[in-house]
>>> print(open('query11.cif').read())   # mmCIF, C-alpha atoms
data_structure
#
loop_
_atom_site.label_atom_id
_atom_site.label_comp_id
_atom_site.auth_asym_id
_atom_site.auth_seq_id
_atom_site.Cartn_x
_atom_site.Cartn_y
_atom_site.Cartn_z
CA MET L 1 31.50 30.56 9.88
CA SER L 2 28.75 29.43 12.22
CA THR L 3 29.12 26.28 14.26
CA ARG L 4 26.25 24.71 12.33
CA ARG L 5 27.90 25.44 8.96
CA ALA L 6 31.26 24.17 10.21
CA LEU L 7 29.65 20.93 11.39
CA LEU L 8 27.82 20.53 8.07
CA ALA L 9 31.05 21.15 6.13
CA LEU L 10 32.85 18.57 8.26
CA CYS L 11 30.09 16.00 7.72
CA VAL L 12 30.10 16.58 3.96
CA SER L 13 33.88 16.23 3.85
CA ILE L 14 33.99 12.88 5.68
CA LEU L 15 30.91 11.22 4.15
CA PRO L 16 32.79 9.80 1.13
CA ALA L 17 35.39 8.27 3.44
CA LEU L 18 32.70 6.74 5.65
CA ALA L 19 30.90 5.32 2.63
CA GLN L 20 34.13 3.63 1.52
CA ALA L 21 35.35 2.47 4.94
CA PRO L 22 36.83 -1.05 4.87
CA GLY L 23 34.29 -3.68 5.81
CA LYS L 24 31.37 -1.62 4.53
CA GLY L 25 29.42 -2.66 1.52
CA LEU L 26 28.87 -6.06 0.03
CA VAL L 27 30.48 -8.03 -2.79
CA ILE L 28 28.78 -11.22 -3.92
CA VAL L 29 30.11 -13.59 -6.56
CA LEU L 30 27.45 -15.95 -7.91
CA ILE L 31 28.60 -19.21 -9.46
CA GLY L 32 26.14 -21.51 -11.16
CA ALA L 33 25.31 -23.39 -14.30
CA PRO L 34 23.27 -21.72 -17.04
CA GLY L 35 19.64 -21.72 -15.92
CA SER L 36 20.57 -22.08 -12.23
CA GLY L 37 19.02 -18.73 -11.31
CA LYS L 38 22.11 -16.51 -11.07
CA THR L 39 20.48 -13.59 -12.87
CA THR L 40 17.22 -13.95 -10.94
CA GLN L 41 18.99 -14.13 -7.58
CA GLY L 42 21.45 -11.40 -8.57
CA ASN L 43 18.62 -9.02 -9.36
CA LEU L 44 16.84 -9.85 -6.09
CA LEU L 45 20.09 -9.21 -4.17
CA LYS L 46 20.63 -5.98 -6.10
CA LYS L 47 17.21 -4.75 -5.04
CA LYS L 48 17.46 -5.87 -1.40
CA TYR L 49 20.94 -4.50 -0.72
CA ARG L 50 20.82 -1.58 -3.21
CA ILE L 51 24.01 -2.73 -4.90
CA ALA L 52 25.00 -2.95 -8.57
CA MET L 53 24.50 -6.08 -10.66
CA LEU L 54 27.38 -6.95 -13.00
CA ALA L 55 27.57 -9.73 -15.56
CA GLY L 56 31.06 -11.11 -16.19
CA ASP L 57 30.04 -12.85 -19.42
CA GLY L 58 28.50 -9.60 -20.67
CA LEU L 59 31.69 -7.71 -19.86
CA ARG L 60 33.79 -10.32 -21.71
CA THR L 61 31.50 -10.16 -24.75
CA LYS L 62 31.56 -6.35 -24.77
CA ALA L 63 35.36 -6.46 -24.51
CA GLY L 64 35.70 -8.93 -27.38
CA ASN L 65 36.97 -11.58 -24.93
CA SER L 66 40.08 -9.49 -24.25
CA ALA L 67 41.14 -10.01 -20.61
CA GLU L 68 42.65 -6.53 -20.45
CA LYS L 69 39.53 -4.85 -21.83
CA THR L 70 37.25 -6.97 -19.63
CA ASN L 71 39.18 -5.91 -16.54
CA ALA L 72 39.06 -2.26 -17.65
CA LEU L 73 35.28 -2.46 -18.06
CA LEU L 74 34.92 -4.16 -14.68
CA ARG L 75 37.10 -1.50 -13.07
CA GLU L 76 35.00 1.26 -14.59
CA GLN L 77 31.80 -0.32 -13.25
CA VAL L 78 33.13 -1.19 -9.78
CA LEU L 79 34.56 2.27 -9.21
CA HIS L 80 31.38 3.93 -10.54
CA ALA L 81 29.04 5.54 -8.03
CA ASP L 82 26.43 2.78 -8.56
CA ALA L 83 28.79 0.20 -7.08
CA ARG L 84 30.00 2.17 -4.05
CA ARG L 85 27.77 0.12 -1.76
CA GLY L 86 29.02 -3.03 -3.45
CA PHE L 87 27.94 -5.32 -6.24
CA VAL L 88 26.85 -8.79 -7.18
CA ILE L 89 28.56 -10.40 -10.16
CA ASP L 90 28.08 -13.63 -12.02
CA GLY L 91 30.38 -15.29 -14.54
CA TYR L 92 33.47 -13.63 -13.09
CA PRO L 93 36.10 -14.56 -12.00
CA ALA L 94 36.72 -17.63 -14.11
CA THR L 95 40.53 -17.60 -14.05
CA ARG L 96 43.30 -16.96 -11.55
CA ALA L 97 44.17 -13.67 -13.27
CA GLU L 98 40.53 -12.52 -13.01
CA ALA L 99 40.30 -13.57 -9.35
CA ASP L 100 43.53 -11.74 -8.53
CA TYR L 101 42.27 -8.65 -10.37
CA LEU L 102 38.90 -8.80 -8.59
CA SER L 103 40.65 -9.01 -5.23
CA GLN L 104 42.84 -6.02 -6.08
CA LEU L 105 39.85 -4.03 -7.31
CA VAL L 106 37.74 -4.82 -4.23
CA ASN L 107 40.61 -3.68 -2.00
CA GLU L 108 41.05 -0.49 -4.03
CA ALA L 109 37.32 0.24 -3.74
CA LYS L 110 37.59 -0.41 0.02
CA LEU L 111 34.94 -3.11 -0.14
CA PRO L 112 34.96 -6.34 1.87
CA ALA L 113 36.18 -9.65 0.48
CA PRO L 114 33.62 -11.29 -1.78
CA ILE L 115 31.03 -13.74 -0.56
CA ILE L 116 31.15 -16.65 -3.01
CA ILE L 117 27.79 -18.35 -3.52
CA GLN L 118 27.40 -21.45 -5.66
CA LEU L 119 23.87 -22.15 -6.87
CA ASP L 120 23.93 -25.94 -7.05
CA VAL L 121 21.63 -27.32 -9.72
CA PRO L 122 22.30 -30.80 -11.19
CA ASP L 123 23.09 -30.92 -14.90
CA ALA L 124 19.93 -32.94 -15.59
CA GLU L 125 17.80 -30.18 -14.03
CA VAL L 126 19.69 -27.52 -16.01
CA ARG L 127 18.90 -29.46 -19.21
CA ARG L 128 15.24 -29.69 -18.22
CA ARG L 129 15.04 -25.95 -17.42
CA LEU L 130 16.68 -24.96 -20.68
CA GLN L 131 14.91 -27.48 -22.91
CA GLY L 132 13.84 -25.67 -26.06
CA LYS L 133 15.84 -22.58 -25.11
CA ALA L 134 19.35 -23.83 -25.82
CA ASP L 135 20.83 -26.12 -28.45
CA GLY L 136 22.23 -29.35 -26.94
CA THR L 137 25.79 -28.79 -28.19
CA GLU L 138 25.83 -25.19 -26.96
CA LEU L 139 24.44 -26.26 -23.58
CA ASP L 140 27.12 -28.97 -23.28
CA LYS L 141 29.76 -26.30 -23.92
CA LYS L 142 28.23 -23.94 -21.32
CA LEU L 143 27.99 -26.71 -18.73
CA ALA L 144 31.64 -27.61 -19.33
CA GLU L 145 32.58 -23.94 -18.86
CA TYR L 146 30.57 -23.82 -15.64
CA HIS L 147 32.24 -26.96 -14.24
CA LYS L 148 35.64 -25.49 -15.13
CA GLU L 149 34.71 -22.20 -13.39
CA LEU L 150 33.49 -24.10 -10.31
CA GLU L 151 36.65 -26.22 -10.21
CA PHE L 152 38.72 -23.06 -10.43
CA ALA L 153 36.75 -21.34 -7.63
CA ARG L 154 37.18 -24.37 -5.39
CA SER L 155 40.93 -24.35 -5.97
CA TYR L 156 41.35 -20.58 -5.59
CA TYR L 157 39.12 -19.69 -2.64
CA PRO L 158 39.25 -21.43 0.73
CA GLN L 159 36.44 -24.00 0.89
CA SER L 160 35.01 -22.15 3.89
CA ASP L 161 34.51 -19.07 1.67
CA ILE L 162 32.30 -20.86 -0.87
CA TRP L 163 28.71 -21.20 0.24
CA THR L 164 26.66 -23.78 -1.63
CA VAL L 165 22.94 -23.14 -1.95
CA ILE L 166 20.56 -25.77 -3.34
CA GLY L 167 19.28 -24.05 -6.47
CA THR L 168 16.43 -26.48 -7.14
CA LYS L 169 14.22 -24.95 -4.44
CA SER L 170 11.79 -22.14 -5.17
CA ARG L 171 13.17 -18.70 -6.06
CA LYS L 172 11.95 -17.41 -2.71
CA GLU L 173 13.58 -20.24 -0.73
CA VAL L 174 16.88 -19.83 -2.60
CA PHE L 175 16.81 -16.07 -2.01
CA GLU L 176 15.99 -16.44 1.70
CA THR L 177 18.85 -18.93 2.09
CA ILE L 178 21.30 -16.55 0.40
CA VAL L 179 20.14 -13.61 2.55
CA SER L 180 20.51 -15.75 5.68
CA LEU L 181 24.08 -16.71 4.68
CA ILE L 182 24.94 -13.07 4.03
CA GLN L 183 23.54 -12.01 7.40
CA ASP L 184 25.58 -14.73 9.13
CA ARG L 185 28.74 -13.51 7.38
CA ARG L 186 28.26 -9.82 8.17
#
>>> encode(input="query11.cif", output="structure tokens")
Amino acid sequence: MSTRRALLALCVSILPALAQAPGKGLVIVLIGAPGSGKTTQGNLLKKKYRIAMLAGDGLRTKAGNSAEKTNALLREQVLHADARRGFVIDGYPATRAEADYLSQLVNEAKLPAPIIIQLDVPDAEVRRRLQGKADGTELDKKLAEYHKELEFARSYYPQSDIWTVIGTKSRKEVFETIVSLIQDRR
């Protein structure tokens, strides 16, 4: 075997390990009320960092709200080739069991600890943004779920790991703030 072929074979054999080296990649957890811009910002982050976008609520719905099935779906997506560089997820974790599972999964995928970003939008602004799009009772329920998720995140993750971004600014300003926070963390 020529030296060139041997070198190529060596490079090909170690590339997967390099791609999965600890500290490489990016995991972002977006927390925010309905209408706070999680999906918009998640898609912008997906494009900028070439990472997967996952929706925790969508996984739960697809799994029939079964925690076991939700985790299995998340596992499948996180370990899929599309998420090797990392992922951004919203609506997950919402419980201690989900947070523990996410931590285990991130370690298994050899990705760094998640960056937790809260998009802070006051309830009154959420109501204004979703006026005509959501029934008042349903919106009240979703806001209560969001506040419960935020309370959980604040009790589970060290306060220094949760980055609050003012979500009432323009999409561009919110995105630039998030990117700046990520750059500071890396």
>>> resolve_selection(input="query11.cif", expression="the PyMOL selection byres ((chain L and resi 107) around 12)", output="ChimeraX atom specification")
/L:20-25,27,75,78-79,86,100-106,108-114
>>> closest_residue(input="query11.cif", among="L:Asn71, L:Thr95, L:Thr61, L:Gln118", to="Gly167 in chain L", atoms="only C-alpha atoms")
L:Gln118
>>> atom_distance(input="query11.cif", atom1="CA of Pro93 in chain L", atom2="CA of Leu119 in chain L")
15.3 Å
>>> resolve_selection(input="query11.cif", expression="the PyMOL selection byres ((chain L and resi 43) around 12)", output="list in words")
Ile28, Leu30, Gly37, Lys38, Thr39, Thr40, Gln41, Gly42, Leu44, Leu45, Lys46, Lys47, Lys48, Tyr49, Arg50, Ile51, Ala52, Met53, Leu54, Ala55, Phe87, Val88, Ile89, Asp90, Arg171 and Phe175 of chain L
>>> closest_residue(input="query11.cif", among="L:Lys69, L:Arg185, L:Arg96, L:Arg128", to="Ala153 in chain L", atoms="all atoms listed in the file")
L:Arg96
>>> residues_around(input="query11.cif", residues="Ala134 in chain L", least_positions_apart="6", cutoff="12 Å", atoms="all atoms listed in the file", output="ChimeraX atom specification")
/L:34-35,126-128,140-143
>>> axis_aligned_box(input="query11.cif", around="range 102-113 of chain L", padding_each_side="8 Å", output="AutoDock Vina command-line options")
--center_x 38.9 --center_y -4.7 --center_z -3.4 --size_x 23.9 --size_y 25.9 --size_z 26.5
>>> atom_distance(input="query11.cif", atom1="CA of Gly32 in chain L", atom2="CA of Ile178 in chain L")
13.5 Å
>>> closest_residue(input="query11.cif", among="L:Asp135, L:Glu68, L:Asp82, L:Glu125", to="Ile166 in chain L", atoms="all atoms listed in the file")
L:Glu125
